[in-house]
Amino acid sequence: YVHRLGHDVWVSSSASLVRDANSRPLHFIFQIQDITERKRAEAAIQTLSLADELTGLYNRRGFMAFCKQHLNTIRRTNKGIVIVYADLDGLKRINDSFGHKEGDRALVKTAELLKETFRTSDVLGRLGGDEFTILAAVDPEGGKERLVNRLLEKFDNYNALKVCPYDLSISIGVAQLDPESNQSMEDLMAVADDAMYENKRSKKNNIWRRQPEPATAVA
């Protein structure tokens, strides 16, 4: 129902037919119960089951669910499809040096920078710990490279502000879907994950230094 003030009211309704002694219909009895609060609680539970509580990004379950839905939408466009894996470098070092609360702040800020870099239509998730992943649509020609450069520039600009006693650094792996292949989302994520670890191995594990260019792969 719609309340007279304009907002929706969720109800559970039922109807029973009342008959006389000869089984002839007499009237209906309708029962209508306001269940708006219950629906709000269910929506909150559903949101929590799909979202990472710390960063507000999708958790692994939410990311996979929305990726498979969004992937079909992107396929109908002329855009390329990429999976980006981003791993926050030196989280243990931040935790050990400045405490776990500061480590949580670093994760939250990393999520914010990712959201500032990617479109609202892209799907962003935190798989757990220091690992983030994104499903994004890019231009077929040079879109992947521009996206990575924009992401690294976003982190460089933040670090230049010197708002915390360390630099935020991420290792990045990118996998682009081959439109002729039949790879699953899981396969594409595995390729991006391997590329990210190759990027991490190619640089020193030091969050105070500028990272080298990320590894990329075509699935």
# chains A, B, ... in the order shown; residues from 1 in each chain; ligands from 1
$ closest_atom_pairs --of "region 112-148 of chain A" --to "region 61-80 of chain A" --cutoff "6 Å" --atoms "only C-alpha atoms" --output "Markdown table"
| residue | atom | partner | partner_atom | distance |
| --- | --- | --- | --- | --- |
| A:Gly125 | CA | A:Phe63 | CA | 5.5 |
| A:Ala137 | CA | A:Gly80 | CA | 5.6 |
| A:Val138 | CA | A:Gly80 | CA | 5.0 |
| A:Asp139 | CA | A:Lys79 | CA | 5.3 |
| A:Pro140 | CA | A:Gly80 | CA | 5.1 |
$ write_last_selection --atoms "N, CA and C atoms" --output "mmCIF file, in the first residue's frame"
data_model
loop_
_atom_site.group_PDB
_atom_site.id
_atom_site.type_symbol
_atom_site.label_atom_id
_atom_site.label_comp_id
_atom_site.auth_asym_id
_atom_site.auth_seq_id
_atom_site.Cartn_x
_atom_site.Cartn_y
_atom_site.Cartn_z
ATOM 1 N N GLY A 125 34.271 -5.179 -4.871
ATOM 2 C CA GLY A 125 34.137 -6.064 -3.726
ATOM 3 C C GLY A 125 35.418 -6.170 -2.931
ATOM 4 N N ALA A 137 33.778 -2.196 -16.963
ATOM 5 C CA ALA A 137 33.668 -2.072 -18.420
ATOM 6 C C ALA A 137 34.663 -1.020 -18.881
ATOM 7 N N VAL A 138 35.405 -1.328 -19.935
ATOM 8 C CA VAL A 138 36.415 -0.396 -20.448
ATOM 9 C C VAL A 138 36.270 -0.285 -21.959
ATOM 10 N N ASP A 139 36.839 0.789 -22.507
ATOM 11 C CA ASP A 139 36.872 0.939 -23.953
ATOM 12 C C ASP A 139 37.766 -0.145 -24.550
ATOM 13 N N PRO A 140 37.389 -0.703 -25.681
ATOM 14 C CA PRO A 140 38.186 -1.787 -26.270
ATOM 15 C C PRO A 140 39.629 -1.386 -26.565
#
$ select_by_dssp --residues "chain A" --states "helix (DSSP H, G or I)" --output "VMD selection string"
chain A and resid 36 to 50 60 to 75 91 to 98 100 to 117 143 to 160 185 to 201
$ write_last_selection --atoms "C-alpha atoms" --output "PDB file, in the first residue's frame"
ATOM      1  CA  THR A  36       6.778  -2.847   7.153  1.00  0.00           C
ATOM      2  CA  GLU A  37       9.240  -3.235  10.034  1.00  0.00           C
ATOM      3  CA  ARG A  38       9.722  -6.899   9.252  1.00  0.00           C
ATOM      4  CA  LYS A  39      10.473  -6.103   5.602  1.00  0.00           C
ATOM      5  CA  ARG A  40      12.987  -3.459   6.688  1.00  0.00           C
ATOM      6  CA  ALA A  41      14.686  -5.987   8.945  1.00  0.00           C
ATOM      7  CA  GLU A  42      14.788  -8.550   6.128  1.00  0.00           C
ATOM      8  CA  ALA A  43      16.290  -5.965   3.777  1.00  0.00           C
ATOM      9  CA  ALA A  44      18.937  -5.091   6.381  1.00  0.00           C
ATOM     10  CA  ILE A  45      19.837  -8.755   6.832  1.00  0.00           C
ATOM     11  CA  GLN A  46      20.026  -9.236   3.066  1.00  0.00           C
ATOM     12  CA  THR A  47      22.298  -6.219   2.744  1.00  0.00           C
ATOM     13  CA  LEU A  48      24.582  -7.471   5.509  1.00  0.00           C
ATOM     14  CA  SER A  49      24.820 -10.891   3.883  1.00  0.00           C
ATOM     15  CA  LEU A  50      26.084  -9.315   0.638  1.00  0.00           C
ATOM     16  CA  ARG A  60      32.684 -12.281  -1.882  1.00  0.00           C
ATOM     17  CA  ARG A  61      29.119 -13.585  -2.008  1.00  0.00           C
ATOM     18  CA  GLY A  62      27.686 -10.235  -3.089  1.00  0.00           C
ATOM     19  CA  PHE A  63      30.443  -9.638  -5.629  1.00  0.00           C
ATOM     20  CA  MET A  64      29.900 -12.973  -7.339  1.00  0.00           C
ATOM     21  CA  ALA A  65      26.113 -12.535  -7.378  1.00  0.00           C
ATOM     22  CA  PHE A  66      26.184  -9.049  -8.895  1.00  0.00           C
ATOM     23  CA  CYS A  67      29.056  -9.841 -11.280  1.00  0.00           C
ATOM     24  CA  LYS A  68      27.180 -12.620 -12.992  1.00  0.00           C
ATOM     25  CA  GLN A  69      24.178 -10.347 -13.387  1.00  0.00           C
ATOM     26  CA  HIS A  70      26.192  -7.336 -14.579  1.00  0.00           C
ATOM     27  CA  LEU A  71      28.344  -9.410 -16.916  1.00  0.00           C
ATOM     28  CA  ASN A  72      25.370 -10.156 -19.148  1.00  0.00           C
ATOM     29  CA  THR A  73      24.597  -6.436 -19.352  1.00  0.00           C
ATOM     30  CA  ILE A  74      28.156  -5.534 -20.400  1.00  0.00           C
ATOM     31  CA  ARG A  75      28.210  -8.278 -23.030  1.00  0.00           C
ATOM     32  CA  LEU A  91      48.792  -4.312   5.855  1.00  0.00           C
ATOM     33  CA  LYS A  92      50.537  -6.466   8.450  1.00  0.00           C
ATOM     34  CA  ARG A  93      53.263  -3.846   8.748  1.00  0.00           C
ATOM     35  CA  ILE A  94      50.662  -1.127   9.285  1.00  0.00           C
ATOM     36  CA  ASN A  95      48.935  -3.244  11.926  1.00  0.00           C
ATOM     37  CA  ASP A  96      52.205  -4.032  13.694  1.00  0.00           C
ATOM     38  CA  SER A  97      53.494  -0.457  13.596  1.00  0.00           C
ATOM     39  CA  PHE A  98      50.318   1.567  14.220  1.00  0.00           C
ATOM     40  CA  HIS A 100      44.777  -2.736  13.971  1.00  0.00           C
ATOM     41  CA  LYS A 101      42.514   0.305  14.127  1.00  0.00           C
ATOM     42  CA  GLU A 102      44.892   2.092  11.776  1.00  0.00           C
ATOM     43  CA  GLY A 103      44.959  -0.999   9.584  1.00  0.00           C
ATOM     44  CA  ASP A 104      41.177  -0.809   9.344  1.00  0.00           C
ATOM     45  CA  ARG A 105      41.453   2.861   8.375  1.00  0.00           C
ATOM     46  CA  ALA A 106      43.877   1.910   5.600  1.00  0.00           C
ATOM     47  CA  LEU A 107      41.413  -0.663   4.272  1.00  0.00           C
ATOM     48  CA  VAL A 108      38.534   1.816   4.406  1.00  0.00           C
ATOM     49  CA  LYS A 109      40.591   4.493   2.618  1.00  0.00           C
ATOM     50  CA  THR A 110      41.640   1.988  -0.034  1.00  0.00           C
ATOM     51  CA  ALA A 111      37.971   1.170  -0.636  1.00  0.00           C
ATOM     52  CA  GLU A 112      37.179   4.894  -0.911  1.00  0.00           C
ATOM     53  CA  LEU A 113      39.916   5.429  -3.500  1.00  0.00           C
ATOM     54  CA  LEU A 114      38.643   2.480  -5.499  1.00  0.00           C
ATOM     55  CA  LYS A 115      35.107   3.880  -5.452  1.00  0.00           C
ATOM     56  CA  GLU A 116      36.418   7.270  -6.581  1.00  0.00           C
ATOM     57  CA  THR A 117      38.283   5.644  -9.484  1.00  0.00           C
ATOM     58  CA  GLY A 143      40.676   1.422 -21.844  1.00  0.00           C
ATOM     59  CA  LYS A 144      42.458  -1.026 -19.574  1.00  0.00           C
ATOM     60  CA  GLU A 145      45.665   1.014 -19.498  1.00  0.00           C
ATOM     61  CA  ARG A 146      43.817   4.290 -18.825  1.00  0.00           C
ATOM     62  CA  LEU A 147      41.923   2.659 -16.003  1.00  0.00           C
ATOM     63  CA  VAL A 148      45.085   1.378 -14.313  1.00  0.00           C
ATOM     64  CA  ASN A 149      46.841   4.728 -14.708  1.00  0.00           C
ATOM     65  CA  ARG A 150      43.855   6.542 -13.218  1.00  0.00           C
ATOM     66  CA  LEU A 151      43.868   4.173 -10.246  1.00  0.00           C
ATOM     67  CA  LEU A 152      47.595   4.593  -9.575  1.00  0.00           C
ATOM     68  CA  GLU A 153      47.293   8.372  -9.955  1.00  0.00           C
ATOM     69  CA  LYS A 154      44.487   8.394  -7.392  1.00  0.00           C
ATOM     70  CA  PHE A 155      46.746   6.687  -4.846  1.00  0.00           C
ATOM     71  CA  ASP A 156      49.684   8.961  -5.694  1.00  0.00           C
ATOM     72  CA  ASN A 157      47.555  12.065  -5.164  1.00  0.00           C
ATOM     73  CA  TYR A 158      46.353  10.771  -1.814  1.00  0.00           C
ATOM     74  CA  ASN A 159      49.871   9.897  -0.646  1.00  0.00           C
ATOM     75  CA  ALA A 160      51.063  13.384  -1.645  1.00  0.00           C
ATOM     76  CA  MET A 185      33.820 -15.523 -13.910  1.00  0.00           C
ATOM     77  CA  GLU A 186      35.831 -17.739 -11.574  1.00  0.00           C
ATOM     78  CA  ASP A 187      38.382 -18.458 -14.319  1.00  0.00           C
ATOM     79  CA  LEU A 188      38.758 -14.767 -15.111  1.00  0.00           C
ATOM     80  CA  MET A 189      39.221 -13.932 -11.439  1.00  0.00           C
ATOM     81  CA  ALA A 190      41.929 -16.586 -11.153  1.00  0.00           C
ATOM     82  CA  VAL A 191      43.855 -15.026 -14.061  1.00  0.00           C
ATOM     83  CA  ALA A 192      43.621 -11.556 -12.465  1.00  0.00           C
ATOM     84  CA  ASP A 193      44.687 -12.986  -9.101  1.00  0.00           C
ATOM     85  CA  ASP A 194      47.783 -14.590 -10.628  1.00  0.00           C
ATOM     86  CA  ALA A 195      48.646 -11.312 -12.378  1.00  0.00           C
ATOM     87  CA  MET A 196      48.302  -9.428  -9.105  1.00  0.00           C
ATOM     88  CA  TYR A 197      50.697 -11.778  -7.305  1.00  0.00           C
ATOM     89  CA  GLU A 198      53.178 -11.441 -10.164  1.00  0.00           C
ATOM     90  CA  ASN A 199      52.996  -7.654  -9.688  1.00  0.00           C
ATOM     91  CA  LYS A 200      53.556  -8.081  -5.952  1.00  0.00           C
ATOM     92  CA  ARG A 201      56.558 -10.349  -6.479  1.00  0.00           C
TER      93      ARG A 201
END
$ residues_around --residues "region 4-10 of chain A" --least-positions-apart "2" --cutoff "8 Å" --atoms "only C-alpha atoms" --output "PyMOL selection string"
chain A and resi 1-2+12+34-36+39
$ atom_distance --atom1 "CA of Thr55 (chain A)" --atom2 "CA of Lys203 (chain A)"
26.6 Å
$ atom_distance --atom1 "CA of Gly128 (chain A)" --atom2 "CA of Val163 (chain A)"
25.1 Å
$ residues_around --residues "Val18 (chain A)" --least-positions-apart "2" --cutoff "7 Å" --atoms "only C-alpha atoms" --output "ChimeraX atom specification"
/A:16,20,25-28
$ closest_atom_pairs --of "region 140-181 of chain A" --to "region 132-136 of chain A" --cutoff "10 Å" --atoms "only C-alpha atoms" --output "JSON lines"
{"residue": "A:Lys144", "atom": "CA", "partner": "A:Ala136", "partner_atom": "CA", "distance": 9.3}
{"residue": "A:Leu147", "atom": "CA", "partner": "A:Ala136", "partner_atom": "CA", "distance": 9.3}
{"residue": "A:Ile170", "atom": "CA", "partner": "A:Phe132", "partner_atom": "CA", "distance": 9.8}
{"residue": "A:Ile172", "atom": "CA", "partner": "A:Thr133", "partner_atom": "CA", "distance": 9.5}
{"residue": "A:Gly173", "atom": "CA", "partner": "A:Thr133", "partner_atom": "CA", "distance": 9.4}
{"residue": "A:Val174", "atom": "CA", "partner": "A:Ile134", "partner_atom": "CA", "distance": 9.5}
{"residue": "A:Ala175", "atom": "CA", "partner": "A:Leu135", "partner_atom": "CA", "distance": 9.9}
{"residue": "A:Gln176", "atom": "CA", "partner": "A:Ala136", "partner_atom": "CA", "distance": 9.7}
$ closest_residue --among "A:Gln31, A:Ala15, A:Ser121, A:Val82" --to "Asp178 (chain A)" --atoms "only C-alpha atoms"
A:Val82
$ closest_residue --among "A:Leu88, A:Leu127, A:Leu177, A:Cys164" --to "Glu53 (chain A)" --atoms "only C-alpha atoms"
A:Leu127
$ atom_distance --atom1 "CA of Gln33 (chain A)" --atom2 "CA of Ser14 (chain A)"
9.0 Å
$ select_by_dssp --residues "region 6-211 of chain A" --states "strand (DSSP E or B)" --output "PyMOL selection string"
chain A and resi 8+11-19+25-34+51+58+80-88+123-128+131-138+170-176
$ write_last_selection --atoms "N, CA and C atoms" --output "compact mmCIF listing (two decimals), in the first residue's frame"
# COMPACT_ATOMS: atom_id res chain seq x y z
N ASP A 8 5.85 3.79 1.09
CA ASP A 8 5.26 2.45 0.95
C ASP A 8 5.00 1.82 2.30
N VAL A 11 2.36 -5.00 3.61
CA VAL A 11 1.33 -5.68 4.39
C VAL A 11 1.28 -7.14 4.01
N SER A 12 0.80 -7.94 4.95
CA SER A 12 0.47 -9.33 4.68
C SER A 12 -1.05 -9.43 4.74
N SER A 13 -1.66 -9.85 3.65
CA SER A 13 -3.12 -9.88 3.60
C SER A 13 -3.61 -11.30 3.33
N SER A 14 -4.76 -11.60 3.89
CA SER A 14 -5.40 -12.89 3.66
C SER A 14 -6.91 -12.69 3.62
N ALA A 15 -7.59 -13.57 2.94
CA ALA A 15 -9.05 -13.48 2.82
C ALA A 15 -9.67 -14.84 3.03
N SER A 16 -10.77 -14.87 3.77
CA SER A 16 -11.49 -16.13 4.02
C SER A 16 -12.95 -15.95 3.62
N LEU A 17 -13.48 -16.91 2.93
CA LEU A 17 -14.87 -16.89 2.53
C LEU A 17 -15.74 -17.50 3.63
N VAL A 18 -16.76 -16.77 4.05
CA VAL A 18 -17.67 -17.25 5.08
C VAL A 18 -18.95 -17.74 4.41
N ARG A 19 -19.38 -18.95 4.75
CA ARG A 19 -20.59 -19.53 4.18
C ARG A 19 -21.64 -19.74 5.27
N PRO A 25 -22.20 -18.81 -0.08
CA PRO A 25 -21.30 -17.71 0.28
C PRO A 25 -22.06 -16.54 0.90
N LEU A 26 -21.55 -16.05 2.01
CA LEU A 26 -22.15 -14.89 2.67
C LEU A 26 -21.27 -13.64 2.48
N HIS A 27 -20.02 -13.75 2.89
CA HIS A 27 -19.12 -12.60 2.79
C HIS A 27 -17.68 -13.07 2.98
N PHE A 28 -16.79 -12.16 2.74
CA PHE A 28 -15.37 -12.40 2.98
C PHE A 28 -14.92 -11.72 4.27
N ILE A 29 -13.95 -12.30 4.90
CA ILE A 29 -13.26 -11.65 6.01
C ILE A 29 -11.81 -11.42 5.57
N PHE A 30 -11.44 -10.17 5.51
CA PHE A 30 -10.08 -9.80 5.14
C PHE A 30 -9.27 -9.46 6.39
N GLN A 31 -8.04 -9.96 6.42
CA GLN A 31 -7.11 -9.62 7.50
C GLN A 31 -5.88 -8.99 6.89
N ILE A 32 -5.57 -7.79 7.28
CA ILE A 32 -4.41 -7.05 6.76
C ILE A 32 -3.50 -6.68 7.92
N GLN A 33 -2.25 -7.11 7.83
CA GLN A 33 -1.27 -6.86 8.90
C GLN A 33 -0.11 -6.03 8.36
N ASP A 34 0.23 -4.97 9.04
CA ASP A 34 1.35 -4.13 8.65
C ASP A 34 2.66 -4.86 8.99
N ALA A 51 27.25 -7.54 1.84
CA ALA A 51 28.17 -6.40 1.95
C ALA A 51 29.24 -6.66 3.00
N TYR A 58 30.84 -4.84 -1.71
CA TYR A 58 30.30 -6.19 -1.67
C TYR A 58 31.31 -7.15 -1.06
N GLY A 80 34.78 -3.47 -23.43
CA GLY A 80 35.57 -4.61 -22.99
C GLY A 80 35.27 -4.90 -21.53
N ILE A 81 35.58 -6.11 -21.10
CA ILE A 81 35.30 -6.54 -19.73
C ILE A 81 36.61 -6.90 -19.05
N VAL A 82 36.88 -6.29 -17.90
CA VAL A 82 38.09 -6.60 -17.15
C VAL A 82 37.75 -6.91 -15.70
N ILE A 83 38.57 -7.76 -15.14
CA ILE A 83 38.57 -7.98 -13.70
C ILE A 83 39.88 -7.41 -13.16
N VAL A 84 39.77 -6.57 -12.14
CA VAL A 84 40.94 -5.98 -11.51
C VAL A 84 41.07 -6.55 -10.10
N TYR A 85 42.23 -7.09 -9.80
CA TYR A 85 42.56 -7.52 -8.43
C TYR A 85 43.50 -6.49 -7.83
N ALA A 86 43.19 -6.03 -6.64
CA ALA A 86 44.04 -5.05 -5.95
C ALA A 86 44.30 -5.55 -4.53
N ASP A 87 45.55 -5.63 -4.17
CA ASP A 87 45.95 -6.11 -2.85
C ASP A 87 46.68 -5.00 -2.12
N LEU A 88 46.18 -4.63 -0.94
CA LEU A 88 46.81 -3.57 -0.15
C LEU A 88 48.15 -4.06 0.37
N VAL A 123 31.31 -3.10 -10.53
CA VAL A 123 31.04 -3.89 -9.32
C VAL A 123 32.33 -4.01 -8.52
N LEU A 124 32.30 -3.51 -7.28
CA LEU A 124 33.48 -3.51 -6.42
C LEU A 124 33.25 -4.41 -5.22
N GLY A 125 34.27 -5.18 -4.87
CA GLY A 125 34.14 -6.06 -3.73
C GLY A 125 35.42 -6.17 -2.93
N ARG A 126 35.26 -6.52 -1.68
CA ARG A 126 36.40 -6.88 -0.84
C ARG A 126 36.24 -8.37 -0.53
N LEU A 127 37.19 -9.14 -1.03
CA LEU A 127 37.08 -10.59 -0.88
C LEU A 127 37.46 -11.04 0.51
N GLY A 128 38.09 -10.17 1.27
CA GLY A 128 38.53 -10.52 2.61
C GLY A 128 39.95 -10.06 2.83
N GLU A 131 42.43 -8.00 0.21
CA GLU A 131 42.19 -8.24 -1.20
C GLU A 131 40.87 -7.61 -1.66
N PHE A 132 40.97 -6.85 -2.76
CA PHE A 132 39.82 -6.20 -3.39
C PHE A 132 39.73 -6.66 -4.84
N THR A 133 38.55 -6.64 -5.38
CA THR A 133 38.38 -7.00 -6.79
C THR A 133 37.27 -6.17 -7.40
N ILE A 134 37.40 -5.93 -8.70
CA ILE A 134 36.45 -5.06 -9.41
C ILE A 134 36.14 -5.67 -10.77
N LEU A 135 34.88 -5.68 -11.14
CA LEU A 135 34.46 -5.98 -12.51
C LEU A 135 34.13 -4.65 -13.16
N ALA A 136 34.81 -4.33 -14.26
CA ALA A 136 34.64 -3.02 -14.88
C ALA A 136 34.49 -3.15 -16.38
N ALA A 137 33.78 -2.20 -16.96
CA ALA A 137 33.67 -2.07 -18.42
C ALA A 137 34.66 -1.02 -18.88
N VAL A 138 35.40 -1.33 -19.94
CA VAL A 138 36.42 -0.40 -20.45
C VAL A 138 36.27 -0.29 -21.96
N ILE A 170 49.23 -0.42 -3.50
CA ILE A 170 48.50 -1.62 -3.89
C ILE A 170 49.22 -2.34 -5.01
N SER A 171 49.14 -3.67 -4.96
CA SER A 171 49.57 -4.50 -6.09
C SER A 171 48.33 -4.77 -6.92
N ILE A 172 48.49 -4.69 -8.25
CA ILE A 172 47.34 -4.78 -9.13
C ILE A 172 47.56 -5.86 -10.19
N GLY A 173 46.52 -6.62 -10.44
CA GLY A 173 46.49 -7.56 -11.55
C GLY A 173 45.22 -7.35 -12.35
N VAL A 174 45.34 -7.35 -13.65
CA VAL A 174 44.18 -7.11 -14.52
C VAL A 174 44.06 -8.24 -15.52
N ALA A 175 42.86 -8.76 -15.67
CA ALA A 175 42.58 -9.78 -16.67
C ALA A 175 41.43 -9.29 -17.54
N GLN A 176 41.62 -9.33 -18.84
CA GLN A 176 40.58 -8.90 -19.77
C GLN A 176 39.95 -10.12 -20.43
$ decode --residues "region 62-80 of chain A" --atoms "N, CA, C and O atoms" --output "CSV table (one decimal), in the first residue's frame"
chain,number,residue,atom,x,y,z
A,62,GLY,N,28.4,-11.3,-2.4
A,62,GLY,CA,27.7,-10.2,-3.1
A,62,GLY,C,28.4,-9.9,-4.4
A,62,GLY,O,27.7,-9.7,-5.4
A,63,PHE,N,29.7,-9.9,-4.4
A,63,PHE,CA,30.4,-9.6,-5.6
A,63,PHE,C,30.1,-10.7,-6.7
A,63,PHE,O,29.9,-10.3,-7.9
A,64,MET,N,30.2,-11.9,-6.4
A,64,MET,CA,29.9,-13.0,-7.3
A,64,MET,C,28.5,-12.9,-7.9
A,64,MET,O,28.2,-13.0,-9.1
A,65,ALA,N,27.5,-12.6,-7.0
A,65,ALA,CA,26.1,-12.5,-7.4
A,65,ALA,C,25.9,-11.4,-8.4
A,65,ALA,O,25.2,-11.6,-9.4
A,66,PHE,N,26.4,-10.2,-8.0
A,66,PHE,CA,26.2,-9.0,-8.9
A,66,PHE,C,27.0,-9.1,-10.2
A,66,PHE,O,26.6,-8.6,-11.2
A,67,CYS,N,28.2,-9.7,-10.1
A,67,CYS,CA,29.1,-9.8,-11.3
A,67,CYS,C,28.4,-10.6,-12.4
A,67,CYS,O,28.4,-10.2,-13.5
A,68,LYS,N,27.8,-11.8,-12.0
A,68,LYS,CA,27.2,-12.6,-13.0
A,68,LYS,C,26.0,-11.9,-13.6
A,68,LYS,O,25.7,-12.1,-14.8
A,69,GLN,N,25.3,-11.1,-12.8
A,69,GLN,CA,24.2,-10.3,-13.4
A,69,GLN,C,24.7,-9.2,-14.3
A,69,GLN,O,24.1,-9.0,-15.4
A,70,HIS,N,25.7,-8.5,-13.8
A,70,HIS,CA,26.2,-7.3,-14.6
A,70,HIS,C,27.0,-7.8,-15.8
A,70,HIS,O,27.0,-7.0,-16.8
A,71,LEU,N,27.6,-8.9,-15.8
A,71,LEU,CA,28.3,-9.4,-16.9
A,71,LEU,C,27.5,-9.5,-18.2
A,71,LEU,O,27.9,-9.2,-19.3
A,72,ASN,N,26.3,-10.0,-18.0
A,72,ASN,CA,25.4,-10.2,-19.1
A,72,ASN,C,25.0,-8.8,-19.7
A,72,ASN,O,24.9,-8.7,-21.0
A,73,THR,N,24.9,-7.8,-18.9
A,73,THR,CA,24.6,-6.4,-19.4
A,73,THR,C,25.8,-5.9,-20.2
A,73,THR,O,25.6,-5.3,-21.2
A,74,ILE,N,27.0,-6.1,-19.7
A,74,ILE,CA,28.2,-5.5,-20.4
A,74,ILE,C,28.3,-6.2,-21.7
A,74,ILE,O,28.7,-5.6,-22.7
A,75,ARG,N,28.0,-7.5,-21.8
A,75,ARG,CA,28.2,-8.3,-23.0
A,75,ARG,C,27.4,-7.7,-24.2
A,75,ARG,O,27.7,-7.9,-25.3
A,76,ARG,N,26.3,-7.0,-23.8
A,76,ARG,CA,25.4,-6.5,-24.8
A,76,ARG,C,25.9,-5.1,-25.4
A,76,ARG,O,25.3,-4.5,-26.2
A,77,THR,N,26.9,-4.6,-24.8
A,77,THR,CA,27.5,-3.3,-25.2
A,77,THR,C,28.8,-3.6,-26.0
A,77,THR,O,29.2,-4.7,-26.2
A,78,ASN,N,29.4,-2.5,-26.5
A,78,ASN,CA,30.7,-2.6,-27.2
A,78,ASN,C,31.9,-2.5,-26.3
A,78,ASN,O,33.0,-2.3,-26.8
A,79,LYS,N,31.7,-2.5,-25.0
A,79,LYS,CA,32.7,-2.3,-24.0
A,79,LYS,C,33.5,-3.6,-23.8
A,79,LYS,O,33.0,-4.7,-24.0
A,80,GLY,N,34.8,-3.5,-23.4
A,80,GLY,CA,35.6,-4.6,-23.0
A,80,GLY,C,35.3,-4.9,-21.5
A,80,GLY,O,34.8,-4.0,-20.8
